[in-house]
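Have a look at the structure below, then the notes.
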Amino acid sequence: MKLQFDANLQYQEQAISSVVDLFRGQTPKQSNFTVSAYAGQVGMEDTNHGIGNKLELTEDELLANLQAVQLRNGLPQTKALKKNTYDFDVEMETGTGKTYVYLRTIFELNKAYGFSKFVIVVPSIAIKEGVYKNLQITQEHFGNLYDNTVYDYFIYDSNKLEQVRSFAVSDHISIMVINIDAFRKSFDDPDKENKANIIHRQNDKLNGMRPIELIQETRPFVIVDEPQSVEGNGAVASKKAMASLNALCTLRFSATHVVKHNLVYKLDAVDAFDMELVKQIEVASFESVDYHNNAYMKLLSVDNKKSPITAKIELDCEVKGAVKRKSVTARAGDDLQQLTGGREVYDNYLVDEIYCEQGNEYVSFSTKPTILRIGEAVGDIDDLAIKEQQIRKTIEEHLNKELALNHRGIKVLSLFFIDRVANYRYYDENGNACKGPYAVIFERSYKELIARPKYRTLFEDVDVDTPVEKVHDGYFSIDKKTKQFKDSKEDKTGNIRANADDETAFNTIMRNKEWLLSFECPLRFIFSHSALREGWDNPNVFQICTLNETKSDVKKRQEIGRGLRLCVNQNGERQHGFAINTLTVMANESYDVFAKKLQSEYETDEGIRFGVLESHSFANIPVKQADGSAAYLGAEKSELIYHAFKACGYIDGKDQVTDTLKTALKSNTLTVPEAVAEQRDAIAAVCKKASGNLNIKPAADKRVVALNKELFLGEDFKALWEKIKYKTTYRVDFDSEELIQKCCDNLQMNLNVGAAKLVYSKAKVSVTEGGVAAAETQRLSVLAADVKENLPDIVTYLQNRTNLTRRTIVEILTRSKTLPLFKKNPQAYMEDAAKTIASVMRLLIVDGIKYTKLGDSEFYAQELFDSEELTGYLNRNMIESQRSVYNYVVYDSEVERSFAERFEGNESVKVYAKLPDWFKIATPLGSYNPDWAVVIEDNGQNRLYFVVETKGNILADALRPTESAKIRCGEKHFAALGQGAKFVKADDYDKFVENYVQ
C-alpha cells in the first residue's frame with residue numbers, strides 16, 4: 001500500500017503560496033537544470049566552506065510582501081519587521097497536512113528562487129520520526145510533481161558528522177531534520193564545555209570546526225515543527241540555540257503558536273471543521289449516576305498564591321434536599337462534613353495538609369489515611385469497572401465502524417492511551433511477559449462481542465476469524481538491558497523527555513504506518529503509553545480511548561489530534577465527508593464538559609475568539625475594480641466598519657457580537673458605512689459566521705409596558721383592589737394516622753429506586769465561529785454498582801428533612817415495606833422517601849388549612865403596580881390593551897393570551913389586570929400568584945369582581961398535585977377575606993362567562 005497525496009488541495013496551495021510570495025522580487029530561478037558552477041546559481045552563494053542561501057530583498061520589500069499576503073488572507077497587518085530577524089508563522093489545525101505543506105514549501109521556494117538549504121527543527125523523537133517518515137512516503141509524489149528535482153534528507157546524528165559536511169557543500173536541495181535537544185544543552189550551562197552538545201564542539205574530522213559553524217554558513221531556512229514545544233521549555237536556552245543556526249528566515253508551523261510572530265496563513269479549528277478537512281468528533285462518555293453512598297472526593301486544584309493555601313475539591317454536597325456533585329474550596333483544618341452540608345459519610349474527614357509542589361500536589365486528612373492527588377477521584381464506582389466499560393464500548397464502536405467501512409476498503413484502527421505499561425503488560429520474577437488487567441479485559445470483551453451474529457455478515461465485513469492475540473498490540477519504550485517494555489518518562493509539564501529506549505516504540509509504530517493501514521495486517525487495536533499523544537497520528541484511527549489510572553493531563557486537543565486526519569482506503573486515497581469520517585473519543589467526563597474544555601483550549605492555545613469581530617475581519621472581502629480586476633476591501637476600510645459597528649452597538653468593548661447585531665442580521669436591517677455600501681452583503685456574511693445561529697427575538701417588536709392611568713385610577717379598579725388587596729395568615733390541623741397510611745401508600749406506589757449506575761452517553765461535537773457545542777445522540781445505562789459499605793442513619797436523615805418524630809418515621813418505613821430498596825441505593829432511597837413524605841404532608845396540610853385575614857393594615861398597596869418596568873415582544877408574548885390597567889398585556893401561555901384577547905373584545909369587561917409577580921398568597925407549599933383580577937358589568941347594572949386562575953386544564957387530576965393544592969389554598973384565602981371578590985378556576989373564557997356572569 002502507498003499513501004496517495006493530492007497536489008490540488010486549495011487550502012494547502014494557499015498556505016504554500018503565502019510563504020513563497022513573501023519573497024516576490026527575489027531573482028527568479030529560470031530552470032531546474034544548469035551546467036554552470038552552482039555558486040553562480042540564483043538564490044545561492046559561495047561560503048568559506050560550502051554553498052549557502054542568498055537573500056536579495058530589502059527589509060522594506062519583505063514587509064510590503066508580508067502585508068500583501070496578510071491582506072489576502074484576512075490577517076492583522078504587521079507594521080514593521082525586526083532587522084535581519086525574519087520570523088513567520090503558519091497556523092494549521094492538527095490533521096490538515098501541516099508537514100506536507102512545509103515539505104512542499106521547500107520545493108516551491110527552490111523552484112521559484114533557488115533556495116536550497118533547509119533545517120527542520122523538531123521538539124521530540126516522536127515528531128522527528130514522523131517527519132522522516134513523511135519525507136520517505138512523499139518521495140515519489142514530489143519526484144513526479146517537480147520533475148525529479150535532486151534532493152537529499154537526513155536526521156542529524158552526532159555520530160555521523162560527515163552528513164553535516166555534505167549538507168554544507170551540496171549543490172542541490174538539502175534537508176536536515178534535528179531535535180532541539182541535539183543543540184540546546186550547550187546553552188543550559190555554557191560555562192561547562194563537557195556539557196555542550198557535540199554539534200557545538202570542535203571536531204578533528206571537520207578540520208577543527210564546530211558542526212554548527214558549517215550549518216551557520218549555509219544561512220538555512222529554518223522550519224520549526226510545533227514551536228510551542230521546541231521553544232516552550234527552557235525558553236532562554238531554546239531561543240539562544242535557535243539563534244545559533246543563523247537562519248536566513250524562520251518559518252514556524254503549528255496549530256498552537258504560544259509566542260506570536262508575523263502570521264502569514266491561518267487555518268484554525270473552526271475553518272477545518274467548517275470545510276470538513278478533518279474528522280467529525282463524537283464524544284462517548286461514562287459518568288456515575290446516583291452514586292452518592294460513599295465519601296466521594298476529587299482534587300481539582302491547589303493554590304498557594306495567597307494565604308491561606310487552598311484546594312478545590314469536588315464533593316457530593318447536600319443541596320436543597322438532594323445530593324449534587326460540586327466544587328468547594330477547602331483550607332487546612334476544614335471539616336468536609338460541614339462543607340457538604342452535614343453529610344454523614346464525610347464524618348472525620350478533616351483537612352490536614354495541602355501540598356502544592358508542582359507535579360506532586362495532594363491533600364491529606366488528619367483522621368483518615370486517604371491521600372487525594374490532582375485529578376484523582378475516590379469514593380466513586382470502582383475505577384477498573386469503568387475502564388472495562390470504556391474498553392468494551394471502544395471495541396463495540398470499532399466493530400460497528402468496520403461493518404460500515406470495511407467494504408469501502410477502509411481499515412479501521414482504535415487507539416488506547418494508558419499511563420502505566422504494567423496495566424497492559426508486565427513481567428514476572430523470571431522475566432516472562434504477562435497480560436496486564438487491560439489486556440485481559442480487552443480479550444474477554446472482544447471474544448464476547450465478536451461472537452454477535454451481526455458481525456458475521458454475507459459480505460464478511462468484519463474479520464471474525466483472526467485470533468484475539470493478533471488483533472491488539474502494545475507500543476512502548478523498551479529497556480535495552482532487560483528487553484522489557486517500560487514507561488516513557490515525562491517532565492513536570494507533561495512532555496515526553498524521550499531517550500534512546502523510546503526509539504524502538506516510535507520507530508515501530510511510525511515506520512509501519514502503511515502496514516497498519518492494510519487489511520493484510522491483522523492488528524486493529526493499538527495500546528500505547530501517553531508518549532504517543534503528540535507526534536504520531538494515523539489517518540484511520542476512528543476510536544481513541546484514554547485509560548488513565550488516576551489522572552489525565554492530556555489536553556483534549558492532543559487527545560483528538562491523534563485521529564483527526566481524514567481516512568484513506570486500500571489504495572491510499574484520502575476519503576472525504578463526515579458521513580465516513582467520524583472520530584469517537586471515549587472520554588472520562590460528560591460530553592458537555594468535554595465540549596467546554598475543548599472550546600477553552602481552542603481559545604487559550606489557538607487564540608480563537610468565538611463570536612467576535614475584529615478590526616481586520618473585513619479586510620479580505622473581494623472588491624471588483626473598474627477595469628474588472630479583483631482586489632480586497634483593505635485594512636483601512638475594515639477598520640472603518642469595525643469602528644462604525646462599535647459606535648452603533650453591534651460589537652461590545654471586548655469585540656463580542658451583540659444581540660443588536662444578531663437582530664439586524666435576522667431582520668435584514670444591517671447598516672454599514674456609506675463608503676462600503678456596495679459590499680453590504682459580503683459584510684453581513686462575515687457577521688453571520690461570527691454570530692452563530694442563536695434564536696433571537698426582533699428588537700423592532702420590543703415594547704415597554706406602561707400603566708393606563710385612566711383605568712388604573714378609575715373607580716372600578718379601585719373597588720376591585722379594595723376587595724382583593726388584603727393579606728392573610730394560616731394554621732394547619734391534620735391526623736397522624738392518616739399521614740402514616742398515606743405515606744405508606746405513596747411510597748409503595750411511587751418509590752422506584754434504581755441501583756447507582758454507570759451511564760454511557762454519546763454526542764456529536766460541532767466547532768463553529770459561535771463556539772464548541774455537543775448534541776446528545778445516545779444515552780444508556782451500562783453498569784449497576786453494588787453498595788457494600790455501612791448503611792447511613794436513615795431515621796435521622798428523614799427526621800431532619802420532615803420534622804416528624806423518629807417513631808412516626810420508623811412506623812412509615814416499616815409499614816411501607818420498601819426498606820429492601822434502601823439497601824439497593826441508600827442515598828437515592830433517602831432522597832426520594834423524603835420528597836414523598838414531604839409531598840404527602842403538604843397535601844394533608846392543605847386539607848386542614850384555615851386562613852385568617854391579618855387586619856386592615858396588612859395589604860398590597862395599589863402603587864406597587866408602578867414599581868417595576870415590564871417589557872415584551874409583540875406577537876410573541878404580548879398584546880396591545882384598551883381595557884387593562886396596562887397599555888400592553890404580557891402573557892405566559894396560549895390560554896392566557898386567549899383570555900386577554902376575549903377580555904379586550906368584551907364590552908362587559910370594565911377593567912382587568914394580569915396580577916403582577918409580587919401579588920403573592922402564602923401557602924405551606926410556597927407562595928401562590930393568581931392570574932387575573934377582573935371587573936365585569938352584569939346586565940348593565942351590578943359590578944362583579946373576580947380573581948381568575950386560568951390553566952390549560954383546570955381539572956384537579958390534570959394538574960400537578962402541588963399546583964392543585966396551591967389553587968385550593970387560593971380559594972380559602974379569598975373566602976377568608978369575605979370582601980365580595982369571587983375566586984374562580986377556568987380553562988375556557990366562554991365557560992367562565994356562562995358559569996359566573998349572568
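Here's how to read the names in the C-alpha cells: chain A, B, ... by the order shown, residue numbers from 1 in each chain, ligand numbers from 1 in the order shown.
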For segment 401-408 of chain A: contacts at 8 Å, only C-alpha atoms, fewer than 6 positions along chain excluded, given as JSON, numbers by chain: {"A": [455, 459, 461, 462, 569, 580]}
Shell around Gln862 of chain A at 12 Å using only C-alpha atoms, local window under 5 positions removed, as a VMD selection string: chain A and resid 707 712 to 713 717 to 726 867 885 913 915 to 916 918 to 919
Helix (DSSP H, G or I) positions in segment 129-361 of chain A, given as a PyMOL selection string: chain A and resi 129-137+139-145+162-169+181-188+193-195+198-200+204-206+211-217+227-230+235-243+269-274+336-339+344-346
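Proximity of A:Val236, A:Leu747, A:Val585, A:Leu598 to Ser761 of chain A, computed with only C-alpha atoms, is greatest for A:Val585.
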Contacts of Lys972 of chain A within 8 Å, only C-alpha atoms, excl. fewer than 3 positions in-chain, as a VMD selection string: chain A and resid 850 to 851 968 to 969 975 to 976
Prev. selection, N, CA and C atoms, output as a short mmCIF file (atom, residue, chain, number, x, y, z; two decimals), in the first residue's frame:
```
data_model
loop_
_atom_site.label_atom_id
_atom_site.label_comp_id
_atom_site.auth_asym_id
_atom_site.auth_seq_id
_atom_site.Cartn_x
_atom_site.Cartn_y
_atom_site.Cartn_z
N LYS A 850 -56.57 26.60 57.43
CA LYS A 850 -57.57 27.63 57.71
C LYS A 850 -56.89 28.99 57.60
N TYR A 851 -57.43 29.88 56.74
CA TYR A 851 -56.88 31.22 56.54
C TYR A 851 -57.63 32.24 57.39
N ARG A 968 -56.15 25.48 45.65
CA ARG A 968 -57.12 25.28 46.74
C ARG A 968 -56.84 26.25 47.89
N CYS A 969 -55.55 26.49 48.16
CA CYS A 969 -55.20 27.48 49.18
C CYS A 969 -55.68 28.87 48.77
N ALA A 975 -61.81 33.34 50.26
CA ALA A 975 -63.02 33.11 51.07
C ALA A 975 -62.87 33.76 52.44
N ALA A 976 -61.64 33.72 52.98
CA ALA A 976 -61.39 34.30 54.30
C ALA A 976 -61.47 35.82 54.27
#
```
Test item: residues at most 12 Å from segment 335-337 of chain A, only C-alpha atoms, excluding those fewer than 6 positions along its chain, as an MDAnalysis selection string: chainID A and resid 295:297 312:318 327:329 343:352 365:368
Save the residues we just selected, N, CA and C atoms, as a CSV table (one decimal), in the first residue's frame?
```csv
chain,number,residue,atom,x,y,z
A,295,ALA,N,-18.0,8.5,50.6
A,295,ALA,CA,-17.4,9.8,50.7
A,295,ALA,C,-16.6,10.1,49.4
A,296,TYR,N,-17.3,10.6,48.4
A,296,TYR,CA,-16.7,10.9,47.1
A,296,TYR,C,-15.9,12.2,47.2
A,297,MET,N,-14.6,12.1,46.6
A,297,MET,CA,-13.7,13.3,46.6
A,297,MET,C,-12.9,13.2,45.4
A,312,LYS,N,-9.3,23.1,45.7
A,312,LYS,CA,-10.6,22.9,45.2
A,312,LYS,C,-10.9,21.4,45.1
A,313,ILE,N,-11.9,21.0,45.8
A,313,ILE,CA,-12.2,19.6,45.9
A,313,ILE,C,-13.7,19.4,45.4
A,314,GLU,N,-13.9,18.4,44.5
A,314,GLU,CA,-15.2,18.1,44.1
A,314,GLU,C,-15.8,17.1,45.1
A,315,LEU,N,-17.0,17.4,45.7
A,315,LEU,CA,-17.6,16.6,46.7
A,315,LEU,C,-19.1,16.4,46.4
A,316,ASP,N,-19.7,15.4,47.0
A,316,ASP,CA,-21.1,15.2,46.9
A,316,ASP,C,-21.8,16.0,48.1
A,317,CYS,N,-22.4,17.1,47.7
A,317,CYS,CA,-22.9,18.0,48.7
A,317,CYS,C,-24.5,18.0,48.8
A,318,GLU,N,-25.0,18.3,50.0
A,318,GLU,CA,-26.4,18.4,50.2
A,318,GLU,C,-26.9,19.7,49.7
A,327,SER,N,-18.0,21.6,43.2
A,327,SER,CA,-16.6,22.0,43.7
A,327,SER,C,-16.7,22.9,44.9
A,328,VAL,N,-15.9,22.6,45.9
A,328,VAL,CA,-15.8,23.5,47.1
A,328,VAL,C,-14.4,23.9,47.4
A,329,THR,N,-14.1,25.0,48.0
A,329,THR,CA,-12.8,25.4,48.4
A,329,THR,C,-12.5,25.0,49.8
A,343,ARG,N,-23.3,15.9,55.6
A,343,ARG,CA,-23.5,14.5,55.2
A,343,ARG,C,-22.6,13.6,56.0
A,344,GLU,N,-23.3,12.5,56.5
A,344,GLU,CA,-22.6,11.6,57.5
A,344,GLU,C,-21.4,10.9,56.9
A,345,VAL,N,-21.4,10.6,55.6
A,345,VAL,CA,-20.4,9.8,55.0
A,345,VAL,C,-19.0,10.5,55.1
A,346,TYR,N,-19.0,11.8,55.3
A,346,TYR,CA,-17.8,12.6,55.4
A,346,TYR,C,-17.3,12.8,56.8
A,347,ASP,N,-17.9,12.1,57.8
A,347,ASP,CA,-17.5,12.2,59.2
A,347,ASP,C,-16.1,11.9,59.4
A,348,ASN,N,-15.4,12.8,60.1
A,348,ASN,CA,-13.9,12.7,60.4
A,348,ASN,C,-13.0,12.9,59.3
A,349,TYR,N,-13.5,13.5,58.2
A,349,TYR,CA,-12.6,13.9,57.1
A,349,TYR,C,-12.2,15.4,57.4
A,350,LEU,N,-11.1,15.5,58.1
A,350,LEU,CA,-10.6,16.9,58.5
A,350,LEU,C,-9.3,17.1,57.6
A,351,VAL,N,-9.3,18.2,56.9
A,351,VAL,CA,-8.1,18.5,56.0
A,351,VAL,C,-6.9,18.8,56.9
A,352,ASP,N,-5.9,18.0,56.6
A,352,ASP,CA,-4.6,18.1,57.4
A,352,ASP,C,-3.6,19.0,56.7
A,365,PHE,N,-5.6,14.0,55.1
A,365,PHE,CA,-6.6,14.2,56.2
A,365,PHE,C,-6.1,13.7,57.5
A,366,SER,N,-6.3,14.4,58.6
A,366,SER,CA,-5.7,14.1,59.9
A,366,SER,C,-6.2,12.8,60.5
A,367,THR,N,-7.5,12.5,60.2
A,367,THR,CA,-8.1,11.3,60.9
A,367,THR,C,-8.4,10.2,59.9
A,368,LYS,N,-7.9,10.3,58.7
A,368,LYS,CA,-8.1,9.3,57.7
A,368,LYS,C,-6.8,9.0,56.9
```
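Residues with any atom within 9 Å of segment 201-210 of chain A, counting only C-alpha atoms and excluding same-chain neighbours fewer than 3 positions away, are Leu161, Glu162, Arg165, Glu193, Ala196, Asn197, Ile198, Glu213 and Leu214 of chain A.
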What does the file look like for those residues with C-alpha atoms, as a PDB file, in the first residue's frame?
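Okay, out-v4.pdb is ready:
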```
ATOM      1  CA  LEU A 161      29.061  14.341  11.204  1.00  0.00           C
ATOM      2  CA  GLU A 162      30.030  13.708   7.590  1.00  0.00           C
ATOM      3  CA  ARG A 165      29.662  18.421   5.776  1.00  0.00           C
ATOM      4  CA  GLU A 193      32.464  22.556  27.919  1.00  0.00           C
ATOM      5  CA  ALA A 196      27.971  21.101  25.381  1.00  0.00           C
ATOM      6  CA  ASN A 197      26.259  19.177  22.588  1.00  0.00           C
ATOM      7  CA  ILE A 198      28.702  17.664  20.084  1.00  0.00           C
ATOM      8  CA  GLU A 213      29.602  26.607  12.068  1.00  0.00           C
ATOM      9  CA  LEU A 214      29.067  24.693   8.829  1.00  0.00           C
TER      10      LEU A 214
END
```
